[in-house]
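Visitor: If it helps, the file is called work38.cif and holds mmCIF, C-alpha atoms:
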```cif
data_query
loop_
_atom_site.label_atom_id
_atom_site.label_comp_id
_atom_site.auth_asym_id
_atom_site.auth_seq_id
_atom_site.Cartn_x
_atom_site.Cartn_y
_atom_site.Cartn_z
CA MET A 1 75.70 124.75 98.00
CA PRO A 2 72.57 123.77 96.07
CA LEU A 3 72.42 120.35 94.48
CA THR A 4 71.70 121.89 91.11
CA ASP A 5 75.39 122.26 90.26
CA VAL A 6 78.42 120.01 90.00
CA ALA A 7 80.20 121.43 93.04
CA GLY A 8 77.10 121.05 95.19
CA LYS A 9 76.59 117.44 94.19
CA ALA A 10 80.27 116.61 94.79
CA ARG A 11 80.17 118.25 98.23
CA ALA A 12 76.99 116.32 99.13
CA LEU A 13 78.70 113.03 98.24
CA TYR A 14 81.87 114.07 100.06
CA GLU A 15 79.88 114.71 103.24
CA ALA A 16 77.91 111.48 102.81
CA ARG A 17 81.19 109.54 102.63
CA ARG A 18 82.55 111.37 105.67
CA THR A 19 79.47 110.97 107.87
CA ARG A 20 78.31 107.57 106.53
CA GLN A 21 74.87 109.06 105.95
CA GLN A 22 72.76 108.15 102.93
CA ILE A 23 71.46 110.86 100.63
CA ALA A 24 68.69 110.91 98.04
CA PRO A 25 69.74 109.95 94.50
CA PHE A 26 70.48 112.98 92.32
CA THR A 27 68.26 111.53 89.61
CA ASP A 28 65.22 111.81 91.91
CA ALA A 29 65.31 115.58 91.48
CA ASP A 30 66.72 115.55 87.96
CA PRO A 31 65.87 112.36 86.01
CA ASP A 32 67.62 113.74 82.91
CA LEU A 33 71.10 113.56 84.43
CA GLY A 34 73.35 111.39 82.28
CA MET A 35 76.77 109.79 82.22
CA ALA A 36 78.60 113.03 81.36
CA ASP A 37 76.98 114.76 84.34
CA GLY A 38 78.00 111.89 86.57
CA TYR A 39 81.64 112.07 85.49
CA ALA A 40 81.72 115.84 86.04
CA VAL A 41 80.63 115.27 89.64
CA GLN A 42 83.05 112.35 90.00
CA GLN A 43 85.98 114.52 88.92
CA GLU A 44 85.06 117.22 91.43
CA LEU A 45 84.57 114.67 94.23
CA THR A 46 87.92 113.05 93.44
CA SER A 47 89.59 116.46 93.70
CA LEU A 48 88.10 116.94 97.16
CA LEU A 49 89.37 113.55 98.33
CA LEU A 50 92.84 114.09 96.88
CA ALA A 51 92.99 117.46 98.63
CA ASP A 52 92.59 115.52 101.89
CA GLY A 53 95.84 113.67 101.12
CA ASP A 54 94.54 110.56 99.37
CA ARG A 55 96.01 109.40 96.06
CA ILE A 56 94.91 107.39 93.03
CA VAL A 57 96.58 103.97 92.79
CA GLY A 58 94.47 102.58 89.97
CA TYR A 59 90.93 102.33 88.66
CA LYS A 60 87.88 100.15 89.05
CA VAL A 61 85.63 99.34 86.14
CA GLY A 62 82.02 98.47 86.82
CA LEU A 63 79.00 97.37 84.81
CA THR A 64 81.18 94.94 82.85
CA SER A 65 78.62 92.11 82.84
CA LYS A 66 75.57 91.99 80.61
CA PRO A 67 73.11 91.45 83.50
CA MET A 68 74.40 94.56 85.32
CA GLN A 69 74.29 96.66 82.16
CA GLN A 70 70.73 95.56 81.53
CA MET A 71 69.74 96.33 85.13
CA ILE A 72 71.07 99.91 84.94
CA GLY A 73 69.99 100.33 81.32
CA VAL A 74 73.36 100.95 79.64
CA ASP A 75 75.47 99.29 76.98
CA GLN A 76 78.94 100.13 78.31
CA PRO A 77 80.89 100.00 81.58
CA ASP A 78 81.69 102.85 83.93
CA TYR A 79 84.82 103.58 85.96
CA GLY A 80 86.10 105.31 89.06
CA PRO A 81 89.44 105.77 90.83
CA VAL A 82 90.88 103.33 93.34
CA LEU A 83 92.16 105.41 96.25
CA ALA A 84 95.16 104.36 98.36
CA SER A 85 93.15 104.67 101.57
CA THR A 86 90.74 101.95 100.40
CA VAL A 87 93.23 99.16 99.59
CA TYR A 88 93.47 96.10 101.85
CA ALA A 89 95.57 92.92 101.75
CA ASP A 90 94.65 89.22 101.76
CA GLY A 91 93.48 88.21 105.24
CA ASP A 92 92.79 91.72 106.48
CA SER A 93 89.81 92.59 108.62
CA ILE A 94 87.59 95.27 107.14
CA SER A 95 85.33 97.27 109.42
CA LEU A 96 81.65 97.29 108.53
CA GLY A 97 81.44 100.72 110.16
CA SER A 98 83.56 102.20 107.38
CA PHE A 99 80.68 101.82 104.93
CA ILE A 100 76.98 102.55 104.58
CA GLN A 101 75.52 99.51 102.78
CA PRO A 102 78.47 97.42 101.55
CA ARG A 103 78.41 94.43 99.25
CA ILE A 104 81.30 92.23 98.16
CA GLU A 105 82.29 91.12 94.66
CA ALA A 106 85.09 88.80 93.58
CA GLU A 107 87.10 90.07 90.62
CA ILE A 108 90.25 89.53 88.60
CA ALA A 109 92.63 92.47 89.00
CA PHE A 110 95.60 93.43 86.85
CA VAL A 111 98.74 95.36 87.69
CA LEU A 112 100.28 97.32 84.83
CA GLY A 113 103.97 96.90 84.09
CA SER A 114 104.11 99.82 81.67
CA PRO A 115 102.00 102.92 80.94
CA LEU A 116 98.99 102.61 78.69
CA ALA A 117 97.55 105.64 76.92
CA GLY A 118 94.55 105.70 74.62
CA PRO A 119 92.87 106.19 72.31
CA GLY A 120 93.69 103.34 69.96
CA VAL A 121 94.71 100.78 72.59
CA SER A 122 93.96 97.23 71.41
CA VAL A 123 93.41 94.16 73.56
CA LEU A 124 96.89 92.99 72.49
CA ASP A 125 98.37 96.34 73.57
CA ALA A 126 96.68 95.98 76.94
CA ARG A 127 97.91 92.42 77.38
CA ARG A 128 101.49 93.50 76.68
CA ALA A 129 101.26 96.31 79.25
CA ILE A 130 100.01 94.02 82.04
CA ALA A 131 102.66 92.81 84.48
CA GLY A 132 100.35 90.21 85.97
CA MET A 133 96.96 89.38 87.39
CA THR A 134 95.86 88.73 90.93
CA ALA A 135 92.93 87.55 93.00
CA ALA A 136 90.87 90.43 94.32
CA VAL A 137 87.56 91.42 95.85
CA GLU A 138 85.84 94.76 95.69
CA ILE A 139 83.57 96.11 98.38
CA VAL A 140 81.03 98.25 96.60
CA ASP A 141 79.08 100.80 98.59
CA SER A 142 76.54 103.47 97.76
CA ARG A 143 76.07 106.81 99.39
CA PHE A 144 72.58 106.89 97.86
CA ALA A 145 69.62 105.60 99.85
CA ASP A 146 68.88 101.88 99.54
CA TRP A 147 71.06 101.44 96.44
CA ARG A 148 68.31 103.22 94.51
CA ILE A 149 70.67 104.36 91.77
CA LYS A 150 70.63 105.20 88.11
CA LEU A 151 73.67 105.57 85.88
CA ALA A 152 74.44 109.22 86.68
CA ASP A 153 74.22 108.47 90.41
CA THR A 154 76.66 105.56 90.47
CA VAL A 155 79.12 107.32 88.15
CA ALA A 156 79.11 110.42 90.35
CA ASP A 157 79.64 108.25 93.43
CA LEU A 158 83.05 107.04 92.13
CA ALA A 159 81.30 104.09 90.45
CA SER A 160 79.97 103.02 93.87
CA ASN A 161 83.44 102.27 95.20
CA GLY A 162 84.05 101.32 98.80
CA ALA A 163 87.29 99.36 99.12
CA VAL A 164 89.35 96.62 97.48
CA ALA A 165 91.35 93.71 98.85
CA VAL A 166 94.12 92.32 96.69
CA SER A 167 96.34 89.25 96.94
CA SER A 168 100.11 89.75 97.07
CA ARG A 169 100.54 86.96 94.50
CA LEU A 170 100.99 88.39 91.00
CA VAL A 171 100.65 85.81 88.22
CA PRO A 172 102.02 86.54 84.71
CA LEU A 173 99.61 86.14 81.82
CA ASP A 174 102.04 83.85 80.00
CA GLY A 175 100.00 81.01 78.52
CA LEU A 176 96.91 81.84 80.59
CA ASP A 177 93.55 82.98 79.27
CA PRO A 178 91.87 85.26 81.84
CA ARG A 179 88.48 84.52 80.27
CA LEU A 180 88.70 80.93 81.47
CA ILE A 181 89.76 81.57 85.07
CA GLY A 182 87.09 80.18 87.35
CA MET A 183 86.18 81.52 90.80
CA VAL A 184 84.35 80.06 93.79
CA LEU A 185 83.13 82.41 96.55
CA THR A 186 82.34 81.09 100.03
CA ARG A 187 81.10 82.79 103.21
CA ARG A 188 82.07 81.06 106.45
CA GLY A 189 82.84 77.96 104.40
CA GLU A 190 79.49 77.84 102.59
CA LEU A 191 79.24 78.28 98.83
CA ILE A 192 77.77 81.64 97.85
CA ASP A 193 78.43 81.93 94.12
CA THR A 194 80.73 81.03 91.25
CA GLY A 195 81.99 82.90 88.21
CA ALA A 196 84.54 83.05 85.43
CA GLY A 197 86.71 85.76 83.92
CA ALA A 198 84.60 85.96 80.79
CA ALA A 199 81.83 87.62 82.83
CA ALA A 200 83.90 90.83 82.66
CA LEU A 201 83.14 92.24 79.20
CA GLY A 202 83.83 88.84 77.65
CA ASP A 203 87.54 89.19 78.49
CA PRO A 204 89.07 91.01 81.50
CA VAL A 205 91.93 92.23 79.29
CA LYS A 206 89.35 93.95 77.10
CA VAL A 207 88.30 95.89 80.21
CA VAL A 208 91.83 97.32 80.49
CA ALA A 209 91.82 98.36 76.83
CA TRP A 210 88.38 99.97 77.23
CA LEU A 211 89.56 101.90 80.29
CA ALA A 212 92.76 103.13 78.62
CA ASN A 213 90.82 104.34 75.60
CA THR A 214 88.07 105.98 77.66
CA LEU A 215 90.57 107.81 79.88
CA GLY A 216 92.66 108.68 76.84
CA GLU A 217 89.79 110.71 75.42
CA MET A 218 90.25 113.02 78.41
CA GLY A 219 94.01 113.15 78.24
CA VAL A 220 94.52 110.75 81.17
CA LYS A 221 96.79 107.70 80.92
CA LEU A 222 97.21 104.57 82.98
CA GLU A 223 100.57 104.42 84.74
CA ALA A 224 102.94 101.53 85.45
CA GLY A 225 101.98 100.03 88.79
CA HIS A 226 98.32 100.97 88.49
CA LEU A 227 95.84 98.43 89.82
CA ILE A 228 92.90 97.73 87.50
CA MET A 229 89.80 96.09 88.94
CA THR A 230 87.98 94.50 86.01
CA GLY A 231 84.45 93.96 87.32
CA ALA A 232 82.39 91.47 89.26
CA LEU A 233 82.23 87.82 88.22
CA HIS A 234 78.95 87.26 90.09
CA ALA A 235 76.10 89.11 91.79
CA ALA A 236 77.18 91.38 94.68
CA VAL A 237 76.75 89.83 98.14
CA PRO A 238 75.69 91.82 101.26
CA MET A 239 78.17 91.79 104.16
CA GLN A 240 77.60 91.36 107.90
CA ALA A 241 79.92 91.61 110.87
CA GLY A 242 81.52 88.23 111.55
CA ASP A 243 81.48 87.13 107.91
CA VAL A 244 84.60 85.53 106.49
CA PHE A 245 84.65 85.57 102.70
CA ARG A 246 87.06 83.47 100.66
CA ALA A 247 87.38 83.76 96.89
CA ASP A 248 89.28 80.86 95.29
CA PHE A 249 90.53 81.56 91.77
CA ASP A 250 91.89 79.02 89.32
CA HIS A 251 95.64 79.73 88.82
CA LEU A 252 95.53 82.85 91.01
CA GLY A 253 94.88 81.20 94.35
CA PRO A 254 92.69 82.26 97.29
CA LEU A 255 91.89 85.60 98.89
CA THR A 256 90.26 85.94 102.30
CA VAL A 257 88.49 88.96 103.81
CA ARG A 258 87.18 89.16 107.36
CA VAL A 259 84.35 91.52 108.25
CA ALA A 260 84.59 93.27 111.62
CA GLN A 261 81.95 95.41 113.28
#
```
Could you write out this file's structure as structure tokens?

Guide:
Amino acid sequence: MPLTDVAGKARALYEARRTRQQIAPFTDADPDLGMADGYAVQQELTSLLLADGDRIVGYKVGLTSKPMQQMIGVDQPDYGPVLASTVYADGDSISLGSFIQPRIEAEIAFVLGSPLAGPGVSVLDARRAIAGMTAAVEIVDSRFADWRIKLADTVADLASNGAVAVSSRLVPLDGLDPRLIGMVLTRRGELIDTGAGAAALGDPVKVVAWLANTLGEMGVKLEAGHLIMTGALHAAVPMQAGDVFRADFDHLGPLTVRVAQ
């Protein structure tokens, strides 16, 4: 199908994910594509992946830091589904061959204890719906050549999702301020970067409220048990076979990911 329509773009991304082959950014041919176009393609691509037997277990929110928003040229985050087939546990080995050009980001993740449906969800509403928070990393990947993306491209590409790894330790929010949770990322024992929860939209809980309200405008609600990835706390780091990444979070504990060939 031609890349001039939603179905054609979704199929091109579907094949790129399947074959691990990069494609040209959609905005090369059509610079006027915007966020709404990207989400139309994302919805179609998600339908193709679900038809293969995958399922949505949560959502990732990206572009939650000011530097990333400025780099892409937007003033709000974007989102994409977290698929069951892409979820790993603490200590797991993740194959580099499953991706095209992966990078790793340490994030605070939340698990919902009750449904959350926008619009009108406040930060307090979101906090009450959260069962707990956990240490997590996201592996972002792009099906577009050399990460040469604009907003419509990354949105269409499921917000550049690749995989997530999540700790089994769920920590209640009681008395804790997610904004102040610090993180130290090391690779093979060497310091790579640091960050704090406030990097994610000023407050990771605010990310959950934003997501609930944004989905609510389309009649979609967050379900109990959904995993919510709240955005990178530092600049994304390229991955190589043999790398061992460890993200140590204040209060949440450590999370380790091993990178296999």

Visitor: Go through A:Ser65, A:Ser98, A:Thr194, A:Thr46 one by one, measure the shortest atom-to-atom distance of each to Val140 in chain A using all atoms listed in the file, and give the residue with the smallest value.

Guide: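 Counting all atoms listed in the file, the residue closest to Val140 in chain A is A:Ser98.
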
Visitor: Expanded to explicit residues, what is the PyMOL selection byres ((chain A and resi 58-62) around 10) for this file, as a ChimeraX atom specification?

Guide: /A:55-57,63-65,68-69,76-84,109-112,138,140,154-155,158-161,164,200-201,207-208,210-211,222-232

Visitor: When the PyMOL selection byres ((chain A and resi 114-117) around 8) is applied to the structure above, which residues does it catch, written out as a PyMOL selection string?

Guide: chain A and resi 112-113+118-119+121+126+129-131+212-213+215-216+220-225

Visitor: Residues as selected, C-alpha atoms, written as a CSV table (one decimal), keeping the file's coordinate frame, can you do that?

Guide:
```
chain,number,residue,atom,x,y,z
A,112,LEU,CA,100.3,97.3,84.8
A,113,GLY,CA,104.0,96.9,84.1
A,118,GLY,CA,94.6,105.7,74.6
A,119,PRO,CA,92.9,106.2,72.3
A,121,VAL,CA,94.7,100.8,72.6
A,126,ALA,CA,96.7,96.0,76.9
A,129,ALA,CA,101.3,96.3,79.2
A,130,ILE,CA,100.0,94.0,82.0
A,131,ALA,CA,102.7,92.8,84.5
A,212,ALA,CA,92.8,103.1,78.6
A,213,ASN,CA,90.8,104.3,75.6
A,215,LEU,CA,90.6,107.8,79.9
A,216,GLY,CA,92.7,108.7,76.8
A,220,VAL,CA,94.5,110.8,81.2
A,221,LYS,CA,96.8,107.7,80.9
A,222,LEU,CA,97.2,104.6,83.0
A,223,GLU,CA,100.6,104.4,84.7
A,224,ALA,CA,102.9,101.5,85.4
A,225,GLY,CA,102.0,100.0,88.8
```

Visitor: Using all atoms listed in the file, what residues lie at most 8 Å away from (97.1, 85.9, 95.0) (file coordinates), given as a compact mmCIF listing (two decimals) with C-alpha atoms, in the frame of the given file?

Guide:
```txt
# COMPACT_ATOMS: atom_id res chain seq x y z
CA ASP A 90 94.65 89.22 101.76
CA THR A 134 95.86 88.73 90.93
CA ALA A 135 92.93 87.55 93.00
CA ALA A 136 90.87 90.43 94.32
CA VAL A 166 94.12 92.32 96.69
CA SER A 167 96.34 89.25 96.94
CA SER A 168 100.11 89.75 97.07
CA ARG A 169 100.54 86.96 94.50
CA LEU A 170 100.99 88.39 91.00
CA VAL A 171 100.65 85.81 88.22
CA LEU A 252 95.53 82.85 91.01
CA GLY A 253 94.88 81.20 94.35
CA PRO A 254 92.69 82.26 97.29
CA LEU A 255 91.89 85.60 98.89
```

Visitor: Show me, as a short mmCIF file (atom, residue, chain, number, x, y, z; two decimals) with C-alpha atoms, in the frame of the given file, the residues that have an atom within 9 Å of Ile181 in chain A when counting only C-alpha atoms, minus same-chain residues fewer than 4 positions from it.

Guide:
```
data_model
loop_
_atom_site.label_atom_id
_atom_site.label_comp_id
_atom_site.auth_asym_id
_atom_site.auth_seq_id
_atom_site.Cartn_x
_atom_site.Cartn_y
_atom_site.Cartn_z
CA ILE A 108 90.25 89.53 88.60
CA LEU A 176 96.91 81.84 80.59
CA ASP A 177 93.55 82.98 79.27
CA GLY A 195 81.99 82.90 88.21
CA ALA A 196 84.54 83.05 85.43
CA GLY A 197 86.71 85.76 83.92
CA ALA A 198 84.60 85.96 80.79
CA PHE A 249 90.53 81.56 91.77
CA ASP A 250 91.89 79.02 89.32
CA HIS A 251 95.64 79.73 88.82
CA LEU A 252 95.53 82.85 91.01
#
```

Visitor: Between A:Asp203, A:Asp92, A:Asp174, A:Glu105, single out the one closest to Val259 in chain A, counting all atoms listed in the file.

Guide: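 Among the listed residues, A:Asp92 lies closest to Val259 in chain A.
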
Visitor: Return as a list in words the set of residues that the PyMOL selection byres ((chain A and resi 49) around 12) yields on the displayed structure.

Guide: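 Applied to this file, the PyMOL selection byres ((chain A and resi 49) around 12) selects Ala10, Arg11, Leu13, Tyr14, Glu15, Arg17, Arg18, Gln42, Gln43, Glu44, Leu45, Thr46, Ser47, Leu48, Leu50, Ala51, Asp52, Gly53, Asp54, Arg55, Ile56, Pro81, Val82, Leu83, Ala84, Ser85, Thr86 and Leu158 of chain A.
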
Visitor: Will you model N, CA, C and O atoms for range 163-189 of chain A and pass it back as a PDB file, in the frame of the given file?

Guide:
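And here is the file that came out, out.pdb:
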```pdb
ATOM      1  N   ALA A 163      85.927  99.789  98.822  1.00  0.00           N
ATOM      2  CA  ALA A 163      87.290  99.360  99.120  1.00  0.00           C
ATOM      3  C   ALA A 163      87.632  98.186  98.212  1.00  0.00           C
ATOM      4  O   ALA A 163      86.757  97.626  97.537  1.00  0.00           O
ATOM      5  N   VAL A 164      88.905  97.816  98.201  1.00  0.00           N
ATOM      6  CA  VAL A 164      89.350  96.620  97.480  1.00  0.00           C
ATOM      7  C   VAL A 164      90.311  95.860  98.378  1.00  0.00           C
ATOM      8  O   VAL A 164      90.998  96.445  99.221  1.00  0.00           O
ATOM      9  N   ALA A 165      90.337  94.547  98.206  1.00  0.00           N
ATOM     10  CA  ALA A 165      91.350  93.710  98.850  1.00  0.00           C
ATOM     11  C   ALA A 165      92.033  92.912  97.743  1.00  0.00           C
ATOM     12  O   ALA A 165      91.363  92.355  96.862  1.00  0.00           O
ATOM     13  N   VAL A 166      93.349  92.883  97.793  1.00  0.00           N
ATOM     14  CA  VAL A 166      94.120  92.320  96.690  1.00  0.00           C
ATOM     15  C   VAL A 166      95.174  91.352  97.223  1.00  0.00           C
ATOM     16  O   VAL A 166      95.851  91.642  98.217  1.00  0.00           O
ATOM     17  N   SER A 167      95.313  90.224  96.575  1.00  0.00           N
ATOM     18  CA  SER A 167      96.340  89.250  96.940  1.00  0.00           C
ATOM     19  C   SER A 167      97.728  89.801  96.615  1.00  0.00           C
ATOM     20  O   SER A 167      97.888  90.616  95.707  1.00  0.00           O
ATOM     21  N   SER A 168      98.721  89.346  97.347  1.00  0.00           N
ATOM     22  CA  SER A 168     100.110  89.750  97.070  1.00  0.00           C
ATOM     23  C   SER A 168     100.732  88.901  95.959  1.00  0.00           C
ATOM     24  O   SER A 168     101.832  89.193  95.503  1.00  0.00           O
ATOM     25  N   ARG A 169     100.024  87.871  95.532  1.00  0.00           N
ATOM     26  CA  ARG A 169     100.540  86.960  94.500  1.00  0.00           C
ATOM     27  C   ARG A 169     100.187  87.499  93.116  1.00  0.00           C
ATOM     28  O   ARG A 169      99.014  87.566  92.754  1.00  0.00           O
ATOM     29  N   LEU A 170     101.201  87.870  92.349  1.00  0.00           N
ATOM     30  CA  LEU A 170     100.990  88.390  91.000  1.00  0.00           C
ATOM     31  C   LEU A 170     101.393  87.314  89.992  1.00  0.00           C
ATOM     32  O   LEU A 170     102.532  86.851  89.988  1.00  0.00           O
ATOM     33  N   VAL A 171     100.448  86.928  89.152  1.00  0.00           N
ATOM     34  CA  VAL A 171     100.650  85.810  88.220  1.00  0.00           C
ATOM     35  C   VAL A 171     100.768  86.364  86.801  1.00  0.00           C
ATOM     36  O   VAL A 171      99.851  87.029  86.314  1.00  0.00           O
ATOM     37  N   PRO A 172     101.891  86.081  86.100  1.00  0.00           N
ATOM     38  CA  PRO A 172     102.020  86.540  84.710  1.00  0.00           C
ATOM     39  C   PRO A 172     100.949  85.928  83.819  1.00  0.00           C
ATOM     40  O   PRO A 172     100.451  84.830  84.084  1.00  0.00           O
ATOM     41  N   LEU A 173     100.610  86.646  82.747  1.00  0.00           N
ATOM     42  CA  LEU A 173      99.610  86.140  81.820  1.00  0.00           C
ATOM     43  C   LEU A 173     100.131  85.035  80.916  1.00  0.00           C
ATOM     44  O   LEU A 173      99.347  84.394  80.220  1.00  0.00           O
ATOM     45  N   ASP A 174     101.418  84.806  80.915  1.00  0.00           N
ATOM     46  CA  ASP A 174     102.040  83.850  80.000  1.00  0.00           C
ATOM     47  C   ASP A 174     101.256  82.537  79.923  1.00  0.00           C
ATOM     48  O   ASP A 174     101.167  81.786  80.895  1.00  0.00           O
ATOM     49  N   GLY A 175     100.683  82.271  78.756  1.00  0.00           N
ATOM     50  CA  GLY A 175     100.000  81.010  78.520  1.00  0.00           C
ATOM     51  C   GLY A 175      98.646  80.880  79.183  1.00  0.00           C
ATOM     52  O   GLY A 175      98.004  79.834  79.067  1.00  0.00           O
ATOM     53  N   LEU A 176      98.191  81.905  79.903  1.00  0.00           N
ATOM     54  CA  LEU A 176      96.910  81.840  80.590  1.00  0.00           C
ATOM     55  C   LEU A 176      95.876  82.708  79.871  1.00  0.00           C
ATOM     56  O   LEU A 176      96.198  83.772  79.370  1.00  0.00           O
ATOM     57  N   ASP A 177      94.657  82.232  79.857  1.00  0.00           N
ATOM     58  CA  ASP A 177      93.550  82.980  79.270  1.00  0.00           C
ATOM     59  C   ASP A 177      92.650  83.458  80.405  1.00  0.00           C
ATOM     60  O   ASP A 177      91.929  82.651  81.012  1.00  0.00           O
ATOM     61  N   PRO A 178      92.672  84.754  80.717  1.00  0.00           N
ATOM     62  CA  PRO A 178      91.870  85.260  81.840  1.00  0.00           C
ATOM     63  C   PRO A 178      90.378  84.985  81.694  1.00  0.00           C
ATOM     64  O   PRO A 178      89.660  84.931  82.692  1.00  0.00           O
ATOM     65  N   ARG A 179      89.908  84.802  80.475  1.00  0.00           N
ATOM     66  CA  ARG A 179      88.480  84.520  80.270  1.00  0.00           C
ATOM     67  C   ARG A 179      88.072  83.213  80.951  1.00  0.00           C
ATOM     68  O   ARG A 179      86.923  83.050  81.370  1.00  0.00           O
ATOM     69  N   LEU A 180      89.011  82.279  81.028  1.00  0.00           N
ATOM     70  CA  LEU A 180      88.700  80.930  81.470  1.00  0.00           C
ATOM     71  C   LEU A 180      89.011  80.692  82.948  1.00  0.00           C
ATOM     72  O   LEU A 180      88.867  79.580  83.443  1.00  0.00           O
ATOM     73  N   ILE A 181      89.440  81.722  83.647  1.00  0.00           N
ATOM     74  CA  ILE A 181      89.760  81.570  85.070  1.00  0.00           C
ATOM     75  C   ILE A 181      88.458  81.494  85.874  1.00  0.00           C
ATOM     76  O   ILE A 181      87.645  82.405  85.862  1.00  0.00           O
ATOM     77  N   GLY A 182      88.283  80.377  86.537  1.00  0.00           N
ATOM     78  CA  GLY A 182      87.090  80.180  87.350  1.00  0.00           C
ATOM     79  C   GLY A 182      87.274  80.690  88.764  1.00  0.00           C
ATOM     80  O   GLY A 182      88.393  80.835  89.261  1.00  0.00           O
ATOM     81  N   MET A 183      86.151  80.987  89.439  1.00  0.00           N
ATOM     82  CA  MET A 183      86.180  81.520  90.800  1.00  0.00           C
ATOM     83  C   MET A 183      85.043  80.913  91.607  1.00  0.00           C
ATOM     84  O   MET A 183      83.925  80.742  91.117  1.00  0.00           O
ATOM     85  N   VAL A 184      85.349  80.568  92.855  1.00  0.00           N
ATOM     86  CA  VAL A 184      84.350  80.060  93.790  1.00  0.00           C
ATOM     87  C   VAL A 184      84.373  80.965  95.029  1.00  0.00           C
ATOM     88  O   VAL A 184      85.424  81.165  95.638  1.00  0.00           O
ATOM     89  N   LEU A 185      83.220  81.524  95.386  1.00  0.00           N
ATOM     90  CA  LEU A 185      83.130  82.410  96.550  1.00  0.00           C
ATOM     91  C   LEU A 185      82.374  81.700  97.669  1.00  0.00           C
ATOM     92  O   LEU A 185      81.268  81.190  97.464  1.00  0.00           O
ATOM     93  N   THR A 186      82.998  81.669  98.862  1.00  0.00           N
ATOM     94  CA  THR A 186      82.340  81.090 100.030  1.00  0.00           C
ATOM     95  C   THR A 186      82.257  82.128 101.150  1.00  0.00           C
ATOM     96  O   THR A 186      83.065  83.054 101.232  1.00  0.00           O
ATOM     97  N   ARG A 187      81.257  81.961 102.013  1.00  0.00           N
ATOM     98  CA  ARG A 187      81.100  82.790 103.210  1.00  0.00           C
ATOM     99  C   ARG A 187      80.997  81.846 104.397  1.00  0.00           C
ATOM    100  O   ARG A 187      80.103  81.011 104.472  1.00  0.00           O
ATOM    101  N   ARG A 188      81.967  81.956 105.297  1.00  0.00           N
ATOM    102  CA  ARG A 188      82.070  81.060 106.450  1.00  0.00           C
ATOM    103  C   ARG A 188      82.039  79.597 106.008  1.00  0.00           C
ATOM    104  O   ARG A 188      81.427  78.736 106.643  1.00  0.00           O
ATOM    105  N   GLY A 189      82.703  79.324 104.900  1.00  0.00           N
ATOM    106  CA  GLY A 189      82.840  77.960 104.400  1.00  0.00           C
ATOM    107  C   GLY A 189      81.701  77.478 103.529  1.00  0.00           C
ATOM    108  O   GLY A 189      81.783  76.383 102.953  1.00  0.00           O
TER     109      GLY A 189
END
```
